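Heads up, the thing below is written out as structure tokens.
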Amino acid sequence: MAYTSFGEYMRILRIKHHQVMGDVAKILNTSTPFLSAVENGKKNVPAEWVQKIIDYYKLTVEEQRKLIDSIEESKLQYKIIPGKAGINQRKAAMQFARSFDEMDDETALKILELLRDKEGDD
């Protein structure tokens with residue numbers, strides 16, 4: 001069975017706390033099949049789960065960061081809200097979205113490097 005990063009994180013928490021998926025589903029006020037679908041990458045992690053997990057397991061700051069990172073890595077969709085974006089930013093976002101499925105790792109790494117360089121300029 002293939003787990004997402006979030007699924008792996010939650011499985012570790014369950015093992016550490018001697019719980020089964022049904023126990024966690026009760027904590028999150030959801031069904032076991034829905035939790036399973038989220039952990040397996042068929043559904044996004046509901047936003048309201050984050051604080052419930054943090055509070056129930058009393059996660060440290062580092063554990064909270066790992067949880068949030070695992071959720072980001074497991075997302076099925078990302079939403080871009082143009083807001084104050086200029087025309088070139090909008091065009092870049094649309095081109096990126098159209099090219100995403102065919103993008104190779106080398107191109108993705110170049111884009112990441114370019115964006116990291118930009119962050120350093122701020």
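Ligands are numbered from 1 in the order shown, chains are lettered A, B, ... in the order of the structure tokens, and residues start at 1 in each chain.
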
TODO: Could you give me, as a PyMOL selection string, the residues within 7 Å of region 4-11 of chain A, counting only C-alpha atoms and dropping anything in the same chain fewer than 4 positions from it?
DONE: chain A and resi 15+39-41+67+70-71+73-74

Convert the current residue selection to file output with C-alpha atoms, as a PDB file, in the first residue's frame.
```
ATOM      1  CA  ILE A  15       2.334   3.219  16.098  1.00  0.00           C
ATOM      2  CA  GLU A  39      -3.389   8.879   3.743  1.00  0.00           C
ATOM      3  CA  ASN A  40      -3.239   7.120   0.377  1.00  0.00           C
ATOM      4  CA  GLY A  41      -3.344  10.369  -1.608  1.00  0.00           C
ATOM      5  CA  LEU A  67       3.327  17.517   9.950  1.00  0.00           C
ATOM      6  CA  SER A  70       4.045  16.217   5.055  1.00  0.00           C
ATOM      7  CA  ILE A  71       0.672  17.770   4.256  1.00  0.00           C
ATOM      8  CA  GLU A  73       4.045  17.196   0.019  1.00  0.00           C
ATOM      9  CA  SER A  74       0.811  15.180  -0.104  1.00  0.00           C
TER      10      SER A  74
END
```

(request) Enter the distance from CA of Asn29 (chain A) to CA of Lys79 (chain A), in Å, rounded to one decimal. (result)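 Taking CA of Asn29 (chain A) as the start and CA of Lys79 (chain A) as the end point, the length is 25.7 Å.
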
Between A:Ala47, A:Leu35, A:Tyr56, A:Ala93, smallest distance to Ile68 (chain A) by only C-alpha atoms belongs to A:Ala47

Which parts of chain A does DSSP call alpha helix (DSSP H) when run on the backbone here, written out as a ChimeraX atom specification?
/A:5-16,21-27,32-39,47-57,61-74,87-99,105-121
